[in-house]
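Everything below belongs to work24.pdb, which stores PDB, C-alpha atoms.
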```pdb
ATOM      1  CA  MET A   1      75.717  89.124 -78.961  1.00  0.00           C
ATOM      2  CA  ALA A   2      75.898  88.429 -75.244  1.00  0.00           C
ATOM      3  CA  GLY A   3      78.114  85.633 -74.031  1.00  0.00           C
ATOM      4  CA  ARG A   4      75.143  84.047 -72.235  1.00  0.00           C
ATOM      5  CA  SER A   5      74.002  82.011 -75.226  1.00  0.00           C
ATOM      6  CA  SER A   6      74.564  78.271 -75.180  1.00  0.00           C
ATOM      7  CA  LEU A   7      75.049  78.459 -78.941  1.00  0.00           C
ATOM      8  CA  SER A   8      78.472  79.101 -80.407  1.00  0.00           C
ATOM      9  CA  VAL A   9      79.032  81.945 -82.848  1.00  0.00           C
ATOM     10  CA  GLU A  10      79.144  79.393 -85.672  1.00  0.00           C
ATOM     11  CA  GLN A  11      75.900  77.745 -84.555  1.00  0.00           C
ATOM     12  CA  ARG A  12      74.129  81.112 -84.334  1.00  0.00           C
ATOM     13  CA  ALA A  13      75.347  82.054 -87.828  1.00  0.00           C
ATOM     14  CA  ALA A  14      74.222  78.685 -89.220  1.00  0.00           C
ATOM     15  CA  ALA A  15      70.823  79.063 -87.541  1.00  0.00           C
ATOM     16  CA  ILE A  16      70.336  82.558 -89.003  1.00  0.00           C
ATOM     17  CA  GLY A  17      71.195  81.188 -92.442  1.00  0.00           C
ATOM     18  CA  LEU A  18      68.624  78.424 -92.065  1.00  0.00           C
ATOM     19  CA  PHE A  19      65.988  80.903 -90.832  1.00  0.00           C
ATOM     20  CA  ASP A  20      66.699  83.004 -93.925  1.00  0.00           C
ATOM     21  CA  ASP A  21      66.108  79.865 -96.030  1.00  0.00           C
ATOM     22  CA  GLY A  22      62.668  79.357 -94.450  1.00  0.00           C
ATOM     23  CA  TRP A  23      63.452  76.927 -91.645  1.00  0.00           C
ATOM     24  CA  ALA A  24      61.626  77.276 -88.317  1.00  0.00           C
ATOM     25  CA  ASP A  25      63.216  77.039 -84.869  1.00  0.00           C
ATOM     26  CA  ARG A  26      62.364  73.387 -84.154  1.00  0.00           C
ATOM     27  CA  ALA A  27      63.790  72.185 -87.482  1.00  0.00           C
ATOM     28  CA  VAL A  28      66.939  74.288 -87.030  1.00  0.00           C
ATOM     29  CA  ALA A  29      67.524  72.935 -83.516  1.00  0.00           C
ATOM     30  CA  THR A  30      67.178  69.376 -84.804  1.00  0.00           C
ATOM     31  CA  ARG A  31      69.398  70.030 -87.828  1.00  0.00           C
ATOM     32  CA  LEU A  32      72.159  71.602 -85.712  1.00  0.00           C
ATOM     33  CA  GLY A  33      71.722  69.207 -82.781  1.00  0.00           C
ATOM     34  CA  VAL A  34      71.384  72.033 -80.267  1.00  0.00           C
ATOM     35  CA  SER A  35      68.978  73.192 -77.575  1.00  0.00           C
ATOM     36  CA  ARG A  36      65.546  74.118 -78.920  1.00  0.00           C
ATOM     37  CA  PRO A  37      64.948  76.876 -76.307  1.00  0.00           C
ATOM     38  CA  ALA A  38      68.207  78.590 -77.305  1.00  0.00           C
ATOM     39  CA  VAL A  39      67.264  78.395 -80.981  1.00  0.00           C
ATOM     40  CA  ALA A  40      63.725  79.591 -80.203  1.00  0.00           C
ATOM     41  CA  ARG A  41      65.098  82.721 -78.474  1.00  0.00           C
ATOM     42  CA  LEU A  42      67.358  83.398 -81.450  1.00  0.00           C
ATOM     43  CA  TYR A  43      64.430  82.781 -83.818  1.00  0.00           C
ATOM     44  CA  GLY A  44      62.360  85.379 -81.957  1.00  0.00           C
ATOM     45  CA  ARG A  45      65.148  87.945 -82.274  1.00  0.00           C
ATOM     46  CA  TRP A  46      65.590  87.033 -85.961  1.00  0.00           C
ATOM     47  CA  ARG A  47      61.875  87.588 -86.634  1.00  0.00           C
ATOM     48  CA  VAL A  48      62.247  91.121 -85.251  1.00  0.00           C
ATOM     49  CA  ARG A  49      65.719  92.031 -86.510  1.00  0.00           C
ATOM     50  CA  GLY A  50      66.581  89.632 -89.328  1.00  0.00           C
ATOM     51  CA  GLY A  51      70.321  88.972 -89.700  1.00  0.00           C
ATOM     52  CA  ALA A  52      71.014  91.814 -87.266  1.00  0.00           C
ATOM     53  CA  ALA A  53      69.999  89.362 -84.519  1.00  0.00           C
ATOM     54  CA  LEU A  54      73.682  88.391 -84.418  1.00  0.00           C
ATOM     55  CA  VAL A  55      74.830  91.932 -83.701  1.00  0.00           C
ATOM     56  CA  SER A  56      75.099  92.923 -80.066  1.00  0.00           C
ATOM     57  CA  LYS A  57      73.793  96.281 -78.975  1.00  0.00           C
ATOM     58  CA  PRO A  58      76.279  98.645 -77.303  1.00  0.00           C
ATOM     59  CA  SER A  59      74.122  99.239 -74.218  1.00  0.00           C
ATOM     60  CA  ARG A  60      70.943  98.090 -72.600  1.00  0.00           C
ATOM     61  CA  ARG A  61      67.897 100.297 -72.928  1.00  0.00           C
ATOM     62  CA  VAL A  62      65.932 101.242 -69.831  1.00  0.00           C
ATOM     63  CA  PHE A  63      62.151 101.335 -70.044  1.00  0.00           C
ATOM     64  CA  THR A  64      59.734 103.084 -67.716  1.00  0.00           C
ATOM     65  CA  VAL A  65      57.098 101.131 -65.847  1.00  0.00           C
ATOM     66  CA  GLU A  66      54.422 102.996 -67.814  1.00  0.00           C
ATOM     67  CA  PHE A  67      55.993 101.967 -71.125  1.00  0.00           C
ATOM     68  CA  LYS A  68      56.176  98.322 -70.058  1.00  0.00           C
ATOM     69  CA  LEU A  69      52.570  98.355 -68.834  1.00  0.00           C
ATOM     70  CA  GLU A  70      51.343  99.791 -72.128  1.00  0.00           C
ATOM     71  CA  VAL A  71      53.168  97.126 -74.142  1.00  0.00           C
ATOM     72  CA  VAL A  72      51.909  94.338 -71.846  1.00  0.00           C
ATOM     73  CA  ARG A  73      48.321  95.671 -71.976  1.00  0.00           C
ATOM     74  CA  ARG A  74      48.436  95.610 -75.772  1.00  0.00           C
ATOM     75  CA  PHE A  75      49.854  92.065 -75.706  1.00  0.00           C
ATOM     76  CA  LEU A  76      47.095  90.907 -73.347  1.00  0.00           C
ATOM     77  CA  ALA A  77      44.539  92.601 -75.620  1.00  0.00           C
ATOM     78  CA  GLY A  78      45.608  90.288 -78.444  1.00  0.00           C
ATOM     79  CA  GLU A  79      48.542  91.866 -80.288  1.00  0.00           C
ATOM     80  CA  THR A  80      51.462  89.517 -80.956  1.00  0.00           C
ATOM     81  CA  LYS A  81      54.790  89.791 -79.151  1.00  0.00           C
ATOM     82  CA  THR A  82      56.614  89.898 -82.468  1.00  0.00           C
ATOM     83  CA  ASP A  83      54.521  92.776 -83.811  1.00  0.00           C
ATOM     84  CA  LEU A  84      54.958  94.748 -80.592  1.00  0.00           C
ATOM     85  CA  ALA A  85      58.704  94.070 -80.510  1.00  0.00           C
ATOM     86  CA  CYS A  86      59.003  95.380 -84.083  1.00  0.00           C
ATOM     87  CA  GLU A  87      56.867  98.452 -83.403  1.00  0.00           C
ATOM     88  CA  PHE A  88      58.788  99.449 -80.279  1.00  0.00           C
ATOM     89  CA  ASP A  89      62.224  98.353 -81.535  1.00  0.00           C
ATOM     90  CA  LEU A  90      62.679  95.855 -78.707  1.00  0.00           C
ATOM     91  CA  SER A  91      65.589  93.450 -78.773  1.00  0.00           C
ATOM     92  CA  SER A  92      63.385  90.357 -78.591  1.00  0.00           C
ATOM     93  CA  PRO A  93      59.728  89.338 -78.263  1.00  0.00           C
ATOM     94  CA  LYS A  94      60.815  87.357 -75.183  1.00  0.00           C
ATOM     95  CA  LEU A  95      61.302  90.671 -73.377  1.00  0.00           C
ATOM     96  CA  ILE A  96      57.529  91.188 -73.328  1.00  0.00           C
ATOM     97  CA  GLU A  97      57.065  87.828 -71.571  1.00  0.00           C
ATOM     98  CA  THR A  98      59.521  88.911 -68.911  1.00  0.00           C
ATOM     99  CA  TRP A  99      57.555  92.093 -68.238  1.00  0.00           C
TER     100      TRP A  99
END
```

Translate the structure described by the file into structure tokens.
Amino acid sequence: MAGRSSLSVEQRAAAIGLFDDGWADRAVATRLGVSRPAVARLYGRWRVRGGAALVSKPSRRVFTVEFKLEVVRRFLAGETKTDLACEFDLSSPKLIETW
């Protein structure tokens, strides 16, 4: 996992455990006393990758403009970010917002 996170390794592991137990991002942030946006980003990755959300990828993927436009068009047409992230094996649903 990238060193950019405001959550420690222990906090991320605890959050993943709570997600696995059925907790949502807001409840986990409150329980751990940490930033909700940081937990929400982790929650999005967990919804796509499960426990593998803690594993960092060896390199960043590069996407063409056409690929990004197709994903964004489908999102704007009503498909969810999480479903699209799963279908296209994206690292996080947040990536679609960025595009």

Go through A:Ala52, A:Val9, A:Leu76, A:Ala40 and flag the residue nearest Lys94 of chain A, using all atoms listed in the file for the distances.
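Ranked by minimum distance to Lys94 of chain A, first place goes to A:Ala40.
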
What do you get, as number ranges by chain, if you spell out every residue that the PyMOL selection byres ((chain A and resi 35) around 12) selects here?
A: 5-8, 11-12, 15, 25-34, 36-42

Need the neighbours of (70.7, 87.6, -95.7): which residues are at most 10 Å away, counting only C-alpha atoms, as a PyMOL selection string?
chain A and resi 16-17+19-21+50-52

Could you take the residues named above and write them with C-alpha atoms, as a PDB file, keeping the file's coordinate frame?
```pdb
ATOM      1  CA  ILE A  16      70.336  82.558 -89.003  1.00  0.00           C
ATOM      2  CA  GLY A  17      71.195  81.188 -92.442  1.00  0.00           C
ATOM      3  CA  PHE A  19      65.988  80.903 -90.832  1.00  0.00           C
ATOM      4  CA  ASP A  20      66.699  83.004 -93.925  1.00  0.00           C
ATOM      5  CA  ASP A  21      66.108  79.865 -96.030  1.00  0.00           C
ATOM      6  CA  GLY A  50      66.581  89.632 -89.328  1.00  0.00           C
ATOM      7  CA  GLY A  51      70.321  88.972 -89.700  1.00  0.00           C
ATOM      8  CA  ALA A  52      71.014  91.814 -87.266  1.00  0.00           C
TER       9      ALA A  52
END
```

9 Å contact set for Leu95 of chain A, only C-alpha atoms, chain neighbours under 5 positions out, as a PyMOL selection string:
chain A and resi 81+85+90

Report the centre and edge lengths, in Å to one decimal, of an axis-aligned box enclosing every atom of segment 87-99 of chain A listed in the file, padded by 5 Å on each side, as JSON.
```
{"center_x": 61.2, "center_y": 93.4, "center_z": -75.8, "size_x": 18.7, "size_y": 22.1, "size_z": 25.2}
```

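Separating atom CA of Arg61 of chain A from atom CA of Ala77 of chain A is a distance of 24.7 Å.
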
Just want the 8 Å neighbourhood of Arg45 of chain A, counted on only C-alpha atoms, with same-chain residues fewer than 4 positions away dropped. Output as number ranges by chain.
A: 41, 49-50, 53, 91-93

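The spacing separating atom CA of Phe75 of chain A from atom CA of Glu97 of chain A amounts to 9.3 Å.
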
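For the pair atom CA of Leu18 of chain A and atom CA of Phe88 of chain A, the separation is 26.0 Å.
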
Using all atoms listed in the file, which of A:Ala24, A:Ile96, A:Val72, A:Val65 sits nearest Trp46 of chain A?
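Ranked by minimum distance to Trp46 of chain A, first place goes to A:Ala24.
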
Nearest residue to Val71 of chain A from the set A:Gly22, A:Arg47, A:Thr98, A:Glu10 (distances using all atoms listed in the file):
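Using all atoms listed in the file, the shortest distance to Val71 of chain A belongs to A:Thr98.
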